[in-house]
Amino acid sequence: MPDILDRARTQVLDGGTGLDEAGVLDVLRLPDEQLSAALQLAHEVRMRWCGPEVEVEGIVSLKTGGCPEDCHFCSQSGLFASPVRSVWLDIPSLVEAARQTAATGATEFCIVAAVRGPDERLMRQLREGVAAIRAEVEIQVAASLGMLTQAQVDELVEMGVHRYNHNLETCRSFFPRVVSTHTWEERWETLRMVRASGMEVCCGGILGLGETVEQRAEFAAQLAELDPHEVPLNFLNPRPGTPLGDQPVVEARDALRAIAAFRLAMPRTILRYAGGREITLGDLGTRDGLLGGINAVIVGNYLTTLGRPADEDLALLDELRMPVKALSATL
């Protein structure tokens with residue numbers, strides 16, 4: 001076993017302290033013949049520091065498309081010639097989506113909007129939507145609305161939103177290559193305010209944007225510094241009409257190396273399968289990731305792409321004897 005895995009076994013598995021950037025890079029550079037050992041160690045770390053439960057979440061877009069930002073991977077940007085067009089979801093549809101999500105056994109329902117940040121109309125609709133969901137469905141409500149002001153953070157807390165998602169997307173050094181209409185630091189400031197408010201912080205990103213393996217290690221270290229409650233790990237699913245529409249898909253073995261490395265960087269964090277796993281990993285790779293550090297999944301479809309049917313993921317969790325996390329007694 002390479003030195004890095006020996007060191008990780010002592011430092012991360014036994015001691016609960018995540019690998020630093022250099023250690024993550026060593027894991028990302030492991031040869032293929034050591035991948036199984038890395039995944040096995042990451043699974044042991046997950047079981048030791050997080051337990052066997054898997055958190056299941058569904059997501060829905062309250063406002064789809066028409067976003068003024070130029071995130072090069074995103075088909076919801078109004079600046080690109082992608083087929084996605086601006087659509088708003090009404091409150092009854094939002095409640096029904098939450099009900100269907102809860103029916104899968106999910107404990108998390110995340111309301112997402114394609115915006116730079118929420119305006120008064122969006123905040124009003126979110127307030128009505130959250131109130132309607134909490135009145136009719138037993139599920140935790142999270143939100144992802146872009147960059148926030150302090151007043152908006154306070155308003156989300158008042159509504160009862162318990163977790164806020166705002167992805168850094170990639171490492172600080174690579175971010176300007178992917179987005180030019182706002183900065184990495186602006187995203188970090190929103191996350192700082194969310195953490196200070198008492199809401200749980202959900203922050204991850206997308207692998208396969210064109211970053212180097214060194215920048216993937218940088219990203220893992222920056223996420224570990226933020227210490228989010230949850231890290232959604234996406235793999236680029238290239239979208240037609242976007243600047244990254246012709247970007248190659250991440251190879252499965254590199255995706256699995258990243259899963260193991262991110263788990264070894266953040267032993268106590270919820271590490272969630274998010275977009276792109278279907279085309280990057282397929283069914284077999286999805287299983288390998290769940291046995292390699294992943295302990296949460298988004299079930300059903302994503303915002304603009306199709307996911308695996310929820311019953312397939314739930315059946316796989318049952319087969320692997322990984323219990324779905326129960327809903328908290330206090331919503």
# chains A, B, ... in the order shown; residues from 1 in each chain; ligands from 1
call {"tool": "residues_around", "arguments": {"residues": "Asp227 of chain A", "least_positions_apart": "5", "cutoff": "9 Å", "atoms": "only C-alpha atoms", "output": "list of chain:residue names"}}
result
A:Val201, A:Gln222, A:Met266, A:Thr269
call {"tool": "closest_atom_pairs", "arguments": {"of": "segment 226-253 of chain A", "to": "segment 28-39 of chain A", "cutoff": "12 Å", "atoms": "only C-alpha atoms", "output": "tab-separated table"}}
result
residue	atom	partner	partner_atom	distance
A:Glu251	CA	A:Asp32	CA	11.9
A:Ala252	CA	A:Asp32	CA	11.1
A:Arg253	CA	A:Asp32	CA	7.4
call {"tool": "write_last_selection", "arguments": {"atoms": "N, CA, C and O atoms", "output": "mmCIF file, in the first residue's frame"}}
result
data_model
loop_
_atom_site.group_PDB
_atom_site.id
_atom_site.type_symbol
_atom_site.label_atom_id
_atom_site.label_comp_id
_atom_site.auth_asym_id
_atom_site.auth_seq_id
_atom_site.Cartn_x
_atom_site.Cartn_y
_atom_site.Cartn_z
ATOM 1 N N GLU A 251 -13.388 10.622 -16.798
ATOM 2 C CA GLU A 251 -13.287 9.164 -16.832
ATOM 3 C C GLU A 251 -13.685 8.589 -15.485
ATOM 4 O O GLU A 251 -13.406 9.168 -14.435
ATOM 5 N N ALA A 252 -14.329 7.425 -15.517
ATOM 6 C CA ALA A 252 -14.886 6.835 -14.301
ATOM 7 C C ALA A 252 -13.824 6.644 -13.223
ATOM 8 O O ALA A 252 -14.059 6.944 -12.046
ATOM 9 N N ARG A 253 -12.647 6.152 -13.602
ATOM 10 C CA ARG A 253 -11.628 5.896 -12.573
ATOM 11 C C ARG A 253 -11.137 7.196 -11.940
ATOM 12 O O ARG A 253 -10.803 7.223 -10.744
#
call {"tool": "closest_residue", "arguments": {"among": "A:Pro267, A:Phe262, A:Thr280, A:Gly146", "to": "Arg9 of chain A", "atoms": "only C-alpha atoms"}}
result
A:Pro267
call {"tool": "residues_around", "arguments": {"residues": "Pro248 of chain A", "least_positions_apart": "5", "cutoff": "9 Å", "atoms": "only C-alpha atoms", "output": "count of residues only"}}
result
6
call {"tool": "residues_around", "arguments": {"residues": "Ala8 of chain A", "least_positions_apart": "5", "cutoff": "9 Å", "atoms": "only C-alpha atoms", "output": "short mmCIF file (atom, residue, chain, number, x, y, z; two decimals) with N, CA, C and O atoms, in the first residue's frame"}}
result
data_model
loop_
_atom_site.label_atom_id
_atom_site.label_comp_id
_atom_site.auth_asym_id
_atom_site.auth_seq_id
_atom_site.Cartn_x
_atom_site.Cartn_y
_atom_site.Cartn_z
N ASP A 3 2.54 4.95 0.55
CA ASP A 3 2.71 5.70 1.79
C ASP A 3 1.50 6.57 2.10
O ASP A 3 1.11 6.71 3.26
N LEU A 13 -8.52 7.87 9.24
CA LEU A 13 -9.37 6.81 9.80
C LEU A 13 -9.25 6.75 11.31
O LEU A 13 -10.26 6.76 12.03
N ASP A 14 -8.03 6.72 11.82
CA ASP A 14 -7.85 6.59 13.27
C ASP A 14 -8.01 7.92 13.99
O ASP A 14 -8.62 7.99 15.06
N THR A 17 -8.68 13.38 11.25
CA THR A 17 -8.19 14.62 10.67
C THR A 17 -7.98 14.43 9.18
O THR A 17 -7.26 13.51 8.76
N GLY A 18 -8.60 15.28 8.37
CA GLY A 18 -8.54 15.13 6.93
C GLY A 18 -7.16 15.40 6.34
O GLY A 18 -6.34 16.10 6.94
N LEU A 19 -6.93 14.87 5.16
CA LEU A 19 -5.69 15.12 4.45
C LEU A 19 -5.61 16.57 4.01
O LEU A 19 -6.62 17.20 3.70
N GLY A 23 -1.69 15.90 0.43
CA GLY A 23 -2.14 14.53 0.60
C GLY A 23 -3.25 14.17 -0.36
O GLY A 23 -3.28 13.06 -0.93
N LEU A 41 -10.50 2.30 1.84
CA LEU A 41 -10.13 3.14 2.99
C LEU A 41 -11.14 4.28 3.15
O LEU A 41 -11.56 4.58 4.27
N LEU A 264 -11.36 11.55 2.07
CA LEU A 264 -10.20 11.56 2.94
C LEU A 264 -9.81 12.97 3.36
O LEU A 264 -9.14 13.17 4.37
#
call {"tool": "select_by_dssp", "arguments": {"residues": "segment 104-300 of chain A", "states": "strand (DSSP E)", "output": "VMD selection string"}}
result
chain A and resid 108 to 113 140 to 144 163 to 165 200 to 202 205 to 207 230 to 235 270 to 273 296 to 298
call {"tool": "write_last_selection", "arguments": {"atoms": "C-alpha atoms", "output": "tab-separated table (two decimals), in the first residue's frame"}}
result
chain	number	residue	atom	x	y	z
A	108	GLU	CA	-34.29	16.88	2.17
A	109	PHE	CA	-36.05	18.98	-0.46
A	110	CYS	CA	-34.02	21.75	-2.06
A	111	ILE	CA	-35.65	24.67	-3.88
A	112	VAL	CA	-33.34	26.07	-6.54
A	113	ALA	CA	-33.52	29.23	-8.64
A	140	GLN	CA	-36.66	19.54	5.62
A	141	VAL	CA	-36.51	22.46	3.21
A	142	ALA	CA	-33.23	23.72	1.78
A	143	ALA	CA	-32.67	26.50	-0.75
A	144	SER	CA	-30.20	27.52	-3.44
A	163	ARG	CA	-29.70	24.42	4.84
A	164	TYR	CA	-28.41	26.69	2.10
A	165	ASN	CA	-26.62	25.48	-1.02
A	200	GLU	CA	-26.29	24.43	7.56
A	201	VAL	CA	-23.85	25.10	4.73
A	202	CYS	CA	-24.06	22.99	1.57
A	205	GLY	CA	-18.84	21.93	-7.16
A	206	ILE	CA	-18.27	20.29	-10.52
A	207	LEU	CA	-15.32	18.19	-11.59
A	230	GLU	CA	-22.59	18.83	3.00
A	231	VAL	CA	-20.55	18.67	-0.21
A	232	PRO	CA	-22.47	17.82	-3.41
A	233	LEU	CA	-20.02	16.34	-5.89
A	234	ASN	CA	-21.03	16.90	-9.52
A	235	PHE	CA	-19.31	15.65	-12.65
A	270	ILE	CA	-21.96	14.55	4.04
A	271	LEU	CA	-20.53	13.74	0.60
A	272	ARG	CA	-23.39	13.68	-1.87
A	273	TYR	CA	-23.69	12.18	-5.33
A	296	ALA	CA	-25.82	10.93	0.35
A	297	VAL	CA	-27.63	10.97	-2.99
A	298	ILE	CA	-29.91	13.22	-5.00
call {"tool": "closest_residue", "arguments": {"among": "A:Ala274, A:Val178, A:Leu148, A:Ile59", "to": "Glu211 of chain A", "atoms": "only C-alpha atoms"}}
result
A:Val178
